Amino acid sequence: MRFQLIGLNHNTAPVEVRERLAIPESRLPEACKKLTEFPGIDEGLILSTCNRVEILANTKNGAGANLRAFLKSYFQLDSSELDKHLYEYHEQEAVRHVFRVASSLDSMVVGEPQILGQVKEAYATARAVGAVRAQLDQLVTRAFAVAKRVRSETAVGSSSVSIASVAVDLAKKIFGNLAGKLVFLVGAGKMSELAARHLMAHGCASIFVANRTYERAVSLAYKFKGQAIHFEDLYNTCDRADIVITSTGAPHAIFRREHGEVFLNRRKNRPMFFIDIAVPRDVDAAMNKLDGIFVYDIDDLQQAVASHVADRRKEAERAEAIVALEVDRFQARLQTLDVVPTIVSLQDHLETIRQAEIDRVRGRLGPLSPEQELAVEALTRGIVNKIMHTPISALKSAAREPEATTVIDLVRRLFNLQEKRAAKSGSGDAD
Amino acid sequence: MSIFWLRVALGLYGVGLLYALVALTRTSDLLNRVALHAAYLGMVFHLVSLTEGVFFSGHTTLAMVHNSESLLAFLIMAVFMIVYMIYQTTSPGIIVFPLVFLLTFLAATRQQPFFTMSPGMRTGWLFAHIGLIFTGYAALVLSFCASVLYLIQQHSLKAKRTTGILSRLPALEDIDQIGYRALLLGFPFMTLGLIAGSVVAESTYGRIEFQDPKILLSMLMWAVYLIMVYTRWIAGWRGRKAAVLASVAFAAAVVAWAANYFSSIHRFVPS
């Protein structure tokens, strides 16, 4: 056992618990240091965000450590109430978890991009105080590479999942840059105001507001720092707007094809985007047939959201497959880093030589007394052990360094251990 | 040797062609990058080929006539790259790459046409004529690409297909800008090129042969071009109507180009 992870996140713990365990940035270096001083822990990293607190450790000689005890002693918390919120992963599962967190597959909003930055900060902090040095370094840097791969090979972080953000996406698909575009808010409503706010946040320059009751329009316009328009001036001013959000309670469509034709004429055919949130609809469906006018009603928007959610789920599955592949790859790499099989096969190798040599000279020695037998045994064994001592201790110390592979390779080549190891690795996990 | 470099360029443009074919079914950032770099490299070899052509024939204008398809392909690539630099989009490549590949392919496999300079020909004007007209052609091709992309994007927006293969096209207004700017850029080149051409014709034949198919078609192409710029400027025509006009102008340009092979006065092949 080597990697070990303990933590809680938005799924396992309510915010009251999470905030009690959150470690502020200023105290993180010191916490990392404390972690590495804890018995059984060689390297450690602490990730603390508003949605999760996680402690990742590389344990000494793979013996395992009581991370729960560390958490409790660090926060001076009672054990029983915390236990039910904690999850713990070991080895391969810990690796998978780290990869998933960095790739934003474990996030509240799957695919959100902040988490990778937070992991990077946690890594930098732990590295700065020397809490991350060798194998943990490899694990975490690999996690960054996996996250990058997930981001570039899947669309898990790309599509928006709310009506307002879909509206912004569509507006961007039509206008490209929203800077300088004018929004016209016709009627009021929570959703249309939200959409308007999103559009403004993405660069739309100004806003017109019209309402059946002019006072309402004025107060809304004030809220948006826009301009109130009398409802009877609607058709005269509407052509100036690039994006029209409508949500009136009118029983019939207020924008019809003939209006659209007039608008287009006045706008020199520059495109217009109608977001119709009203039910019954405010914009006649025939408007969408005009060249340059794009009408999306509430169903269209909801459908886009649904398809994005489905897309994201599909993409998340692909991302999980990438993570699984990368976990295997990392595991395989760790195994080559693992010195134990090399030591074992080195011992086997020398033992075989020793036995063979004894058998070879046995005939020449003639019959031996049990004492002599023992003496020969002790002599040969002693020589072998003395010879083995240096390479084995070199291997053991190399295991803690990042360049372990070179040392392992060297020893294998010197003693010609290649085939034996291959035969061994087939028989099962060295751990 | 210049044909060798041209074939190297052709191979590299082939990667771009592959991009265009694959882009229809899926998007790949890697392929995108590979195609772009292949295209850059292709342009370098292409330029080497063109320069060598000039060098060996010892006559710039004559070389330009001999390598007309190659030159046109190069200019189209250049305009495409300018668009890429400004708008960071390779979408026009879906049309540009196959076209450039075709033109380069023709240039790289065809027998060199026979062409002689008439003694009275004013080579300076001929040089200007070819350079200007070809730049105009390149801009026209790009404008045509843009209007096709505009139609595709408009259709997908109207059909409310926001995800899927076409979701990576640039925004509608950006495509529109690309097309319009290409159009505005190309028009003066085309006009001046035609004027230069008529000066050459005047000086060579003493008069302009209006019944000649090449001249007729060139006039037609120019007229459609003019209508396109005008309707766009005054009425802001875009989308379907603009695409139809762009297609007509493009078709006229292709036919005017093809007229080189059956015009009596403006030809590359020996009579």
# chains A, B, ... in the order shown; residues from 1 in each chain; ligands from 1
$ residues_around --residues "Ala195 in chain A" --least-positions-apart "4" --cutoff "8 Å" --atoms "only C-alpha atoms" --output "list in words"
Ile163, Ala164, Ser165, Ala167, Val168, Met191, Leu199 and Ile245 of chain A
$ interface_residues --of "chain B" --to "chain A" --cutoff "6 Å" --atoms "only C-alpha atoms" --output "ChimeraX atom specification"
/B:171-173,235-236
$ atom_distance --atom1 "CA of Gly226 in chain A" --atom2 "CA of Gly203 in chain A"
14.1 Å
$ select_by_dssp --residues "range 256-414 of chain A" --states "helix (DSSP H, G or I)" --output "PyMOL selection string"
chain A and resi 257-266+285-289+298-337+340-365+370-398+404-414
$ select_by_dssp --residues "range 279-341 of chain A" --states "strand (DSSP E or B)" --output "PyMOL selection string"
chain A and resi 283+293-297
$ residues_around --residues "range 81-91 of chain A" --least-positions-apart "4" --cutoff "12 Å" --atoms "only C-alpha atoms" --output "ChimeraX atom specification"
/A:1-18,20-21,52-59,62-69,71-72,75-77,95-98,136,139,327-328,330-331,334-335,431
$ residues_around --residues "range 383-398 of chain A" --least-positions-apart "3" --cutoff "12 Å" --atoms "only C-alpha atoms" --output "ChimeraX atom specification"
/A:61,134-135,337-355,357,376-380,401-412,414-415
$ write_last_selection --atoms "N, CA and C atoms" --output "short mmCIF file (atom, residue, chain, number, x, y, z; two decimals), in the first residue's frame"
data_model
loop_
_atom_site.label_atom_id
_atom_site.label_comp_id
_atom_site.auth_asym_id
_atom_site.auth_seq_id
_atom_site.Cartn_x
_atom_site.Cartn_y
_atom_site.Cartn_z
N ASN A 61 7.12 3.29 3.31
CA ASN A 61 7.30 1.87 3.02
C ASN A 61 5.97 1.17 2.72
N ALA A 134 8.63 13.05 -4.31
CA ALA A 134 8.96 12.00 -5.27
C ALA A 134 7.73 11.40 -5.94
N GLN A 135 7.17 10.38 -5.32
CA GLN A 135 6.08 9.67 -6.00
C GLN A 135 4.79 10.47 -6.05
N LEU A 337 8.46 1.25 -11.25
CA LEU A 337 9.20 2.01 -10.24
C LEU A 337 9.42 1.19 -8.98
N ASP A 338 8.56 0.19 -8.81
CA ASP A 338 8.59 -0.59 -7.59
C ASP A 338 9.85 -1.44 -7.56
N VAL A 339 10.60 -1.32 -6.47
CA VAL A 339 11.88 -2.02 -6.43
C VAL A 339 11.75 -3.44 -5.91
N VAL A 340 10.62 -3.74 -5.23
CA VAL A 340 10.51 -5.05 -4.58
C VAL A 340 10.70 -6.22 -5.56
N PRO A 341 10.01 -6.23 -6.69
CA PRO A 341 10.20 -7.36 -7.60
C PRO A 341 11.66 -7.50 -8.05
N THR A 342 12.31 -6.38 -8.24
CA THR A 342 13.70 -6.44 -8.68
C THR A 342 14.57 -7.07 -7.60
N ILE A 343 14.32 -6.67 -6.35
CA ILE A 343 15.10 -7.23 -5.25
C ILE A 343 14.87 -8.73 -5.17
N VAL A 344 13.59 -9.13 -5.27
CA VAL A 344 13.26 -10.55 -5.17
C VAL A 344 13.94 -11.33 -6.28
N SER A 345 13.87 -10.79 -7.50
CA SER A 345 14.47 -11.58 -8.58
C SER A 345 15.99 -11.56 -8.51
N LEU A 346 16.54 -10.50 -7.93
CA LEU A 346 17.99 -10.48 -7.72
C LEU A 346 18.39 -11.59 -6.74
N GLN A 347 17.61 -11.69 -5.67
CA GLN A 347 17.87 -12.73 -4.67
C GLN A 347 17.73 -14.11 -5.30
N ASP A 348 16.66 -14.31 -6.04
CA ASP A 348 16.42 -15.59 -6.71
C ASP A 348 17.60 -15.96 -7.61
N HIS A 349 18.00 -14.97 -8.37
CA HIS A 349 19.05 -15.16 -9.34
C HIS A 349 20.34 -15.65 -8.67
N LEU A 350 20.74 -14.93 -7.63
CA LEU A 350 21.99 -15.28 -6.96
C LEU A 350 21.87 -16.62 -6.24
N GLU A 351 20.70 -16.88 -5.72
CA GLU A 351 20.47 -18.14 -5.02
C GLU A 351 20.62 -19.31 -6.01
N THR A 352 20.08 -19.14 -7.20
CA THR A 352 20.20 -20.19 -8.22
C THR A 352 21.68 -20.44 -8.54
N ILE A 353 22.42 -19.35 -8.70
CA ILE A 353 23.84 -19.49 -9.00
C ILE A 353 24.55 -20.25 -7.88
N ARG A 354 24.22 -19.85 -6.66
CA ARG A 354 24.87 -20.47 -5.50
C ARG A 354 24.60 -21.97 -5.49
N GLN A 355 23.33 -22.35 -5.64
CA GLN A 355 22.95 -23.77 -5.64
C GLN A 355 23.68 -24.51 -6.74
N GLU A 357 26.44 -23.81 -8.23
CA GLU A 357 27.87 -23.93 -7.97
C GLU A 357 28.16 -25.02 -6.93
N VAL A 376 29.83 -25.07 4.42
CA VAL A 376 29.79 -24.69 3.00
C VAL A 376 28.58 -23.79 2.73
N GLU A 377 27.47 -24.23 3.27
CA GLU A 377 26.23 -23.47 3.13
C GLU A 377 26.41 -22.03 3.65
N ALA A 378 26.97 -21.92 4.86
CA ALA A 378 27.13 -20.61 5.48
C ALA A 378 28.11 -19.74 4.71
N LEU A 379 29.18 -20.38 4.21
CA LEU A 379 30.20 -19.64 3.47
C LEU A 379 29.62 -19.03 2.20
N THR A 380 28.97 -19.92 1.42
CA THR A 380 28.44 -19.43 0.14
C THR A 380 27.35 -18.39 0.37
N GLU A 401 13.56 8.17 -4.73
CA GLU A 401 13.95 9.25 -5.64
C GLU A 401 13.15 9.17 -6.93
N PRO A 402 12.99 10.31 -7.59
CA PRO A 402 12.26 10.30 -8.86
C PRO A 402 12.99 9.49 -9.95
N GLU A 403 14.34 9.36 -9.85
CA GLU A 403 15.05 8.68 -10.93
C GLU A 403 15.24 7.20 -10.65
N ALA A 404 14.30 6.63 -9.87
CA ALA A 404 14.39 5.22 -9.49
C ALA A 404 14.55 4.31 -10.71
N THR A 405 13.83 4.63 -11.78
CA THR A 405 13.84 3.73 -12.95
C THR A 405 15.24 3.47 -13.47
N THR A 406 16.07 4.50 -13.49
CA THR A 406 17.42 4.31 -14.02
C THR A 406 18.20 3.32 -13.18
N VAL A 407 18.09 3.45 -11.86
CA VAL A 407 18.82 2.56 -10.97
C VAL A 407 18.31 1.13 -11.15
N ILE A 408 16.98 0.99 -11.20
CA ILE A 408 16.40 -0.34 -11.37
C ILE A 408 16.87 -0.96 -12.68
N ASP A 409 16.82 -0.17 -13.72
CA ASP A 409 17.27 -0.66 -15.02
C ASP A 409 18.72 -1.13 -14.96
N LEU A 410 19.53 -0.33 -14.30
CA LEU A 410 20.95 -0.63 -14.22
C LEU A 410 21.18 -1.97 -13.52
N VAL A 411 20.52 -2.13 -12.37
CA VAL A 411 20.69 -3.37 -11.60
C VAL A 411 20.22 -4.56 -12.43
N ARG A 412 19.08 -4.40 -13.08
CA ARG A 412 18.56 -5.50 -13.89
C ARG A 412 19.52 -5.87 -14.99
N LEU A 414 22.78 -5.29 -15.08
CA LEU A 414 24.03 -5.83 -14.53
C LEU A 414 23.90 -7.31 -14.19
N PHE A 415 22.73 -7.68 -13.66
CA PHE A 415 22.55 -9.06 -13.23
C PHE A 415 21.72 -9.87 -14.21
#
$ residues_around --residues "Ala221 in chain A" --least-positions-apart "4" --cutoff "9 Å" --atoms "only C-alpha atoms" --output "PyMOL selection string"
chain A and resi 207-210+216-217+225-229
$ write_last_selection --atoms "N, CA and C atoms" --output "tab-separated table (two decimals), in the first residue's frame"
chain	number	residue	atom	x	y	z
A	207	ILE	N	-29.53	48.53	-22.96
A	207	ILE	CA	-30.79	47.79	-22.91
A	207	ILE	C	-31.98	48.74	-23.00
A	208	PHE	N	-32.98	48.32	-23.76
A	208	PHE	CA	-34.27	49.01	-23.80
A	208	PHE	C	-35.26	48.15	-23.04
A	209	VAL	N	-36.19	48.81	-22.33
A	209	VAL	CA	-37.20	48.04	-21.62
A	209	VAL	C	-38.58	48.58	-21.97
A	210	ALA	N	-39.46	47.69	-22.36
A	210	ALA	CA	-40.85	48.11	-22.62
A	210	ALA	C	-41.78	47.23	-21.82
A	216	ARG	N	-43.57	50.26	-14.63
A	216	ARG	CA	-42.82	49.01	-14.45
A	216	ARG	C	-41.56	49.04	-15.34
A	217	ALA	N	-41.76	49.51	-16.57
A	217	ALA	CA	-40.63	49.60	-17.51
A	217	ALA	C	-39.56	50.52	-16.96
A	225	LYS	N	-29.90	50.03	-15.68
A	225	LYS	CA	-29.28	51.25	-16.22
A	225	LYS	C	-29.57	51.37	-17.70
A	226	GLY	N	-30.82	51.04	-18.07
A	226	GLY	CA	-31.20	51.08	-19.47
A	226	GLY	C	-32.17	52.21	-19.74
A	227	GLN	N	-32.95	52.04	-20.80
A	227	GLN	CA	-33.85	53.10	-21.20
A	227	GLN	C	-35.26	52.53	-21.32
A	228	ALA	N	-36.22	53.19	-20.68
A	228	ALA	CA	-37.60	52.72	-20.76
A	228	ALA	C	-38.25	53.21	-22.05
A	229	ILE	N	-39.04	52.35	-22.68
A	229	ILE	CA	-39.69	52.70	-23.93
A	229	ILE	C	-41.19	52.54	-23.74
$ closest_residue --among "B:Asp174, B:Gln211, B:His37, B:Phe56" --to "Leu178 in chain A" --atoms "only C-alpha atoms"
B:Asp174
$ residues_around --residues "Ile243 in chain A" --least-positions-apart "6" --cutoff "7 Å" --atoms "only C-alpha atoms" --output "number ranges by chain"
A: 182-184, 272-274
$ write_last_selection --atoms "N, CA and C atoms" --output "PDB file, in the first residue's frame"
ATOM      1  N   LEU A 182     -27.322  45.717 -28.662  1.00  0.00           N
ATOM      2  CA  LEU A 182     -28.400  46.288 -27.878  1.00  0.00           C
ATOM      3  C   LEU A 182     -29.458  45.232 -27.573  1.00  0.00           C
ATOM      4  N   VAL A 183     -29.849  45.155 -26.320  1.00  0.00           N
ATOM      5  CA  VAL A 183     -30.857  44.185 -25.894  1.00  0.00           C
ATOM      6  C   VAL A 183     -32.177  44.910 -25.664  1.00  0.00           C
ATOM      7  N   PHE A 184     -33.256  44.292 -26.105  1.00  0.00           N
ATOM      8  CA  PHE A 184     -34.578  44.873 -25.856  1.00  0.00           C
ATOM      9  C   PHE A 184     -35.362  43.883 -25.000  1.00  0.00           C
ATOM     10  N   MET A 272     -31.115  39.511 -36.433  1.00  0.00           N
ATOM     11  CA  MET A 272     -31.805  39.815 -35.177  1.00  0.00           C
ATOM     12  C   MET A 272     -32.104  38.509 -34.469  1.00  0.00           C
ATOM     13  N   PHE A 273     -32.032  38.539 -33.163  1.00  0.00           N
ATOM     14  CA  PHE A 273     -32.221  37.328 -32.383  1.00  0.00           C
ATOM     15  C   PHE A 273     -33.383  37.540 -31.414  1.00  0.00           C
ATOM     16  N   PHE A 274     -34.423  36.757 -31.588  1.00  0.00           N
ATOM     17  CA  PHE A 274     -35.586  36.846 -30.692  1.00  0.00           C
ATOM     18  C   PHE A 274     -35.569  35.694 -29.701  1.00  0.00           C
TER      19      PHE A 274
END
$ atom_distance --atom1 "CA of Leu103 in chain B" --atom2 "CA of Ala73 in chain B"
5.8 Å
$ closest_residue --among "B:Leu12, B:Ser198, B:Ser147, B:Ala108" --to "Tyr40 in chain B" --atoms "only C-alpha atoms"
B:Leu12
